[in-house]
$ cat data-v3.cif   # mmCIF, N, CA and C atoms
data_query
#
loop_
_atom_site.label_atom_id
_atom_site.label_comp_id
_atom_site.auth_asym_id
_atom_site.auth_seq_id
_atom_site.Cartn_x
_atom_site.Cartn_y
_atom_site.Cartn_z
N ILE A 1 157.76 134.86 37.57
CA ILE A 1 156.52 134.62 36.86
C ILE A 1 156.80 134.82 35.39
N CYS A 2 156.53 133.81 34.58
CA CYS A 2 156.85 133.86 33.16
C CYS A 2 155.60 133.77 32.30
N GLU A 3 155.64 134.45 31.19
CA GLU A 3 154.58 134.35 30.19
C GLU A 3 154.73 132.99 29.51
N LYS A 4 153.64 132.27 29.36
CA LYS A 4 153.66 130.88 28.93
C LYS A 4 154.36 130.67 27.58
N GLN A 5 153.98 131.40 26.56
CA GLN A 5 154.56 131.19 25.22
C GLN A 5 156.06 131.43 25.22
N ALA A 6 156.51 132.46 25.90
CA ALA A 6 157.95 132.74 25.95
C ALA A 6 158.67 131.63 26.70
N TRP A 7 158.05 131.12 27.77
CA TRP A 7 158.67 130.04 28.53
C TRP A 7 158.78 128.77 27.70
N LEU A 8 157.78 128.51 26.88
CA LEU A 8 157.81 127.30 26.05
C LEU A 8 158.96 127.32 25.04
N THR A 9 159.36 128.50 24.61
CA THR A 9 160.46 128.60 23.65
C THR A 9 161.81 128.82 24.33
N ASP A 10 161.81 129.33 25.55
CA ASP A 10 163.05 129.61 26.28
C ASP A 10 162.87 129.12 27.71
N LYS A 11 163.23 127.87 27.98
CA LYS A 11 162.98 127.26 29.28
C LYS A 11 163.72 127.94 30.43
N SER A 12 164.69 128.80 30.13
CA SER A 12 165.36 129.52 31.21
C SER A 12 164.41 130.52 31.84
N GLY A 13 163.38 130.94 31.12
CA GLY A 13 162.39 131.87 31.63
C GLY A 13 162.79 133.32 31.56
N VAL A 14 164.01 133.59 31.15
CA VAL A 14 164.50 134.96 31.16
C VAL A 14 163.73 135.85 30.19
N SER A 15 163.50 135.38 28.99
CA SER A 15 162.84 136.23 27.99
C SER A 15 161.36 136.43 28.28
N GLY A 16 160.75 135.54 29.04
CA GLY A 16 159.32 135.64 29.29
C GLY A 16 158.97 136.15 30.68
N MET A 17 159.97 136.61 31.43
CA MET A 17 159.71 137.04 32.79
C MET A 17 158.87 138.31 32.82
N ILE A 18 157.74 138.25 33.53
CA ILE A 18 156.85 139.41 33.62
C ILE A 18 156.72 139.91 35.06
N GLY A 19 157.27 139.17 36.01
CA GLY A 19 157.21 139.56 37.41
C GLY A 19 157.89 138.53 38.27
N ASP A 20 157.76 138.70 39.58
CA ASP A 20 158.36 137.71 40.47
C ASP A 20 157.56 137.59 41.76
N ILE A 21 157.82 136.48 42.44
CA ILE A 21 157.21 136.23 43.74
C ILE A 21 158.29 135.63 44.62
N ASN A 22 158.32 136.09 45.87
CA ASN A 22 159.40 135.68 46.77
C ASN A 22 158.84 135.31 48.13
N LEU A 23 159.51 134.37 48.77
CA LEU A 23 159.23 134.01 50.16
C LEU A 23 160.47 134.29 50.99
N PHE A 24 160.29 134.94 52.13
CA PHE A 24 161.36 135.18 53.08
C PHE A 24 160.93 134.52 54.38
N PHE A 25 161.68 133.51 54.79
CA PHE A 25 161.27 132.68 55.93
C PHE A 25 161.59 133.35 57.25
N GLY A 26 160.60 133.32 58.16
CA GLY A 26 160.76 133.81 59.53
C GLY A 26 160.93 132.62 60.43
N ASP A 27 159.98 132.47 61.36
CA ASP A 27 160.05 131.28 62.21
C ASP A 27 159.66 130.06 61.39
N GLN A 28 159.53 128.94 62.03
CA GLN A 28 159.34 127.69 61.29
C GLN A 28 158.01 127.56 60.56
N GLN A 29 157.03 128.37 60.92
CA GLN A 29 155.74 128.24 60.26
C GLN A 29 155.24 129.55 59.67
N GLU A 30 156.15 130.48 59.40
CA GLU A 30 155.77 131.80 58.92
C GLU A 30 156.75 132.29 57.86
N ALA A 31 156.21 133.00 56.86
CA ALA A 31 157.07 133.59 55.83
C ALA A 31 156.45 134.88 55.31
N GLU A 32 157.32 135.81 54.95
CA GLU A 32 156.88 137.02 54.27
C GLU A 32 156.78 136.69 52.78
N ILE A 33 155.71 137.13 52.15
CA ILE A 33 155.51 136.86 50.73
C ILE A 33 155.42 138.19 49.99
N ASN A 34 156.20 138.32 48.94
CA ASN A 34 156.21 139.52 48.10
C ASN A 34 155.90 139.12 46.67
N LEU A 35 155.16 139.97 45.98
CA LEU A 35 154.74 139.67 44.62
C LEU A 35 154.77 140.95 43.79
N MET A 36 155.20 140.82 42.53
CA MET A 36 155.21 141.97 41.64
C MET A 36 154.98 141.50 40.21
N ILE A 37 154.08 142.16 39.52
CA ILE A 37 153.95 142.00 38.07
C ILE A 37 154.54 143.29 37.49
N GLY A 38 155.76 143.21 37.01
CA GLY A 38 156.48 144.39 36.56
C GLY A 38 156.07 144.89 35.19
N GLU A 39 155.60 144.00 34.37
CA GLU A 39 155.17 144.38 33.02
C GLU A 39 153.71 144.83 33.07
N GLU A 40 153.48 146.12 32.90
CA GLU A 40 152.13 146.68 33.04
C GLU A 40 151.09 146.00 32.15
N GLY A 41 151.48 145.58 30.97
CA GLY A 41 150.54 144.94 30.05
C GLY A 41 150.00 143.61 30.55
N TRP A 42 150.65 143.02 31.56
CA TRP A 42 150.22 141.73 32.10
C TRP A 42 149.43 141.88 33.40
N ARG A 43 149.29 143.09 33.90
CA ARG A 43 148.54 143.31 35.12
C ARG A 43 147.05 143.18 34.85
N GLY A 44 146.32 142.75 35.87
CA GLY A 44 144.86 142.64 35.75
C GLY A 44 144.38 141.43 34.99
N LYS A 45 145.25 140.45 34.78
CA LYS A 45 144.87 139.25 34.03
C LYS A 45 144.79 138.00 34.92
N GLY A 46 144.90 138.19 36.23
CA GLY A 46 144.79 137.07 37.16
C GLY A 46 146.09 136.33 37.42
N LEU A 47 147.18 136.76 36.82
CA LEU A 47 148.45 136.06 36.98
C LEU A 47 148.99 136.18 38.40
N ALA A 48 148.84 137.35 39.00
CA ALA A 48 149.31 137.53 40.37
C ALA A 48 148.52 136.64 41.33
N SER A 49 147.22 136.57 41.13
CA SER A 49 146.38 135.71 41.98
C SER A 49 146.80 134.25 41.86
N GLU A 50 147.03 133.82 40.64
CA GLU A 50 147.43 132.43 40.42
C GLU A 50 148.80 132.15 41.02
N ALA A 51 149.74 133.06 40.82
CA ALA A 51 151.09 132.88 41.38
C ALA A 51 151.05 132.85 42.90
N LEU A 52 150.25 133.74 43.49
CA LEU A 52 150.13 133.78 44.95
C LEU A 52 149.56 132.47 45.48
N LEU A 53 148.47 132.03 44.89
CA LEU A 53 147.82 130.79 45.34
C LEU A 53 148.76 129.58 45.20
N LEU A 54 149.39 129.44 44.05
CA LEU A 54 150.28 128.30 43.83
C LEU A 54 151.48 128.33 44.77
N THR A 55 152.04 129.51 45.01
CA THR A 55 153.17 129.62 45.93
C THR A 55 152.76 129.28 47.35
N MET A 56 151.60 129.76 47.75
CA MET A 56 151.14 129.46 49.11
C MET A 56 150.82 127.98 49.29
N ILE A 57 150.24 127.36 48.29
CA ILE A 57 149.97 125.91 48.36
C ILE A 57 151.29 125.14 48.47
N TYR A 58 152.23 125.48 47.60
CA TYR A 58 153.54 124.81 47.63
C TYR A 58 154.22 124.99 48.99
N ALA A 59 154.22 126.22 49.50
CA ALA A 59 154.92 126.51 50.76
C ALA A 59 154.27 125.80 51.95
N THR A 60 152.94 125.70 51.95
CA THR A 60 152.28 125.01 53.06
C THR A 60 152.57 123.51 53.01
N GLN A 61 152.63 122.96 51.82
CA GLN A 61 152.89 121.52 51.68
C GLN A 61 154.37 121.18 51.88
N ARG A 62 155.24 121.97 51.29
CA ARG A 62 156.68 121.66 51.32
C ARG A 62 157.36 122.07 52.61
N PHE A 63 156.97 123.23 53.15
CA PHE A 63 157.65 123.79 54.32
C PHE A 63 156.76 123.86 55.57
N ASN A 64 155.55 123.34 55.46
CA ASN A 64 154.60 123.33 56.57
C ASN A 64 154.32 124.73 57.11
N LEU A 65 154.30 125.72 56.22
CA LEU A 65 154.01 127.09 56.65
C LEU A 65 152.54 127.22 56.99
N ARG A 66 152.24 128.04 57.96
CA ARG A 66 150.86 128.26 58.39
C ARG A 66 150.47 129.73 58.34
N GLN A 67 151.45 130.63 58.17
CA GLN A 67 151.13 132.05 58.14
C GLN A 67 152.01 132.75 57.11
N PHE A 68 151.37 133.63 56.35
CA PHE A 68 152.08 134.45 55.36
C PHE A 68 151.86 135.91 55.71
N ILE A 69 152.91 136.68 55.60
CA ILE A 69 152.86 138.11 55.90
C ILE A 69 153.22 138.87 54.63
N ALA A 70 152.37 139.82 54.25
CA ALA A 70 152.67 140.68 53.10
C ALA A 70 152.97 142.07 53.64
N LYS A 71 154.21 142.53 53.46
CA LYS A 71 154.58 143.87 53.90
C LYS A 71 154.41 144.81 52.71
N ILE A 72 153.50 145.78 52.89
CA ILE A 72 153.15 146.69 51.80
C ILE A 72 153.12 148.10 52.36
N LYS A 73 153.63 149.04 51.60
CA LYS A 73 153.51 150.44 52.00
C LYS A 73 152.04 150.83 51.93
N ILE A 74 151.55 151.49 52.97
CA ILE A 74 150.13 151.82 53.07
C ILE A 74 149.66 152.67 51.89
N GLU A 75 150.56 153.44 51.29
CA GLU A 75 150.16 154.27 50.15
C GLU A 75 150.05 153.48 48.84
N ASN A 76 150.43 152.22 48.85
CA ASN A 76 150.30 151.37 47.66
C ASN A 76 148.90 150.73 47.68
N ALA A 77 147.90 151.56 47.41
CA ALA A 77 146.50 151.13 47.50
C ALA A 77 146.17 149.90 46.65
N PRO A 78 146.66 149.80 45.41
CA PRO A 78 146.34 148.59 44.62
C PRO A 78 146.87 147.30 45.28
N ALA A 79 148.08 147.35 45.84
CA ALA A 79 148.64 146.16 46.48
C ALA A 79 147.89 145.84 47.77
N VAL A 80 147.56 146.86 48.55
CA VAL A 80 146.79 146.64 49.77
C VAL A 80 145.45 145.98 49.43
N ALA A 81 144.76 146.51 48.43
CA ALA A 81 143.47 145.94 48.01
C ALA A 81 143.63 144.51 47.50
N PHE A 82 144.69 144.25 46.74
CA PHE A 82 144.93 142.91 46.20
C PHE A 82 145.04 141.89 47.32
N PHE A 83 145.87 142.18 48.33
CA PHE A 83 146.07 141.22 49.42
C PHE A 83 144.85 141.14 50.34
N GLN A 84 144.18 142.26 50.57
CA GLN A 84 142.97 142.21 51.40
C GLN A 84 141.89 141.35 50.74
N LYS A 85 141.75 141.47 49.43
CA LYS A 85 140.76 140.68 48.70
C LYS A 85 141.03 139.18 48.86
N ARG A 86 142.26 138.83 49.12
CA ARG A 86 142.65 137.43 49.25
C ARG A 86 142.80 136.99 50.71
N GLY A 87 142.22 137.77 51.62
CA GLY A 87 142.15 137.36 53.02
C GLY A 87 143.26 137.87 53.92
N PHE A 88 144.19 138.65 53.40
CA PHE A 88 145.24 139.21 54.25
C PHE A 88 144.66 140.38 55.02
N LYS A 89 145.16 140.61 56.23
CA LYS A 89 144.68 141.71 57.08
C LYS A 89 145.73 142.79 57.20
#

$ encode --input "data-v3.cif" --output "structure tokens"
Amino acid sequence: ICEKQAWLTDKSGVSGMIGDINLFFGDQQEAEINLMIGEEGWRGKGLASEALLLTMIYATQRFNLRQFIAKIKIENAPAVAFFQKRGFK
């Protein structure tokens, strides 16, 4: 996940990286999805929501995925709340 202005000046994305999102494929229609906004100043701005939505749309269209699993430590209350708010159980 890159900050837009930094990405526009450095297309490699390295200087503007503020977090990441990953898919780990299970069976043919399922993947584990992990997300992190590592730069605290960028948290709470909707970037994680946008990255999650765009990644899930891409994965359903490109890989025909039908289920996403978010593995989160139960004590990570902000992450649990984030995924629950977006329909994860």

$ residues_around --input "data-v3.cif" --residues "A:Ala59" --least-positions-apart "2" --cutoff "12 Å" --atoms "only C-alpha atoms" --output "PyMOL selection string"
chain A and resi 22-25+28-33+51-57+61-68

$ select_by_dssp --input "data-v3.cif" --residues "chain A" --states "strand (DSSP E or B)" --output "PyMOL selection string"
chain A and resi 2+17+19-25+30-37+67-69

$ atom_distance --input "data-v3.cif" --atom1 "atom CA of A:Phe88" --atom2 "atom CA of A:Thr60"
15.9 Å

$ atom_distance --input "data-v3.cif" --atom1 "atom CA of A:Leu8" --atom2 "atom CA of A:Asn34"
25.3 Å

$ atom_distance --input "data-v3.cif" --atom1 "atom N of A:Glu39" --atom2 "atom C of A:Gly87"
23.9 Å

$ residues_near_point --input "data-v3.cif" --point "(146.2, 144.9, 44.9)" --cutoff "12 Å" --atoms "only C-alpha atoms" --output "ChimeraX atom specification"
/A:34-37,43-44,46,48-49,52,70,72-88

$ closest_residue --input "data-v3.cif" --among "A:Ile18, A:Thr9, A:Tyr58, A:Lys71" --to "A:Glu40" --atoms "only C-alpha atoms"
A:Ile18

$ select_by_dssp --input "data-v3.cif" --residues "stretch 14-75 of chain A" --states "helix (DSSP H, G or I)" --output "list in words"
Glu40, Gly41, Trp42, Leu47, Ala48, Ser49, Glu50, Ala51, Leu52, Leu53, Leu54, Thr55, Met56, Ile57, Tyr58, Ala59, Thr60, Gln61, Arg62 and Phe63 of chain A

$ resolve_selection --input "data-v3.cif" --expression "the PyMOL selection byres (((chain A and resi 1 and name CA) around 6) and name CA)" --output "PDB file with N, CA and C atoms, in the frame of the given file"
ATOM      1  N   CYS A   2     156.530 133.810  34.580  1.00  0.00           N
ATOM      2  CA  CYS A   2     156.850 133.860  33.160  1.00  0.00           C
ATOM      3  C   CYS A   2     155.600 133.770  32.300  1.00  0.00           C
ATOM      4  N   MET A  17     159.970 136.610  31.430  1.00  0.00           N
ATOM      5  CA  MET A  17     159.710 137.040  32.790  1.00  0.00           C
ATOM      6  C   MET A  17     158.870 138.310  32.820  1.00  0.00           C
ATOM      7  N   ILE A  18     157.740 138.250  33.530  1.00  0.00           N
ATOM      8  CA  ILE A  18     156.850 139.410  33.620  1.00  0.00           C
ATOM      9  C   ILE A  18     156.720 139.910  35.060  1.00  0.00           C
ATOM     10  N   GLY A  19     157.270 139.170  36.010  1.00  0.00           N
ATOM     11  CA  GLY A  19     157.210 139.560  37.410  1.00  0.00           C
ATOM     12  C   GLY A  19     157.890 138.530  38.270  1.00  0.00           C
ATOM     13  N   ASP A  20     157.760 138.700  39.580  1.00  0.00           N
ATOM     14  CA  ASP A  20     158.360 137.710  40.470  1.00  0.00           C
ATOM     15  C   ASP A  20     157.560 137.590  41.760  1.00  0.00           C
TER      16      ASP A  20
END
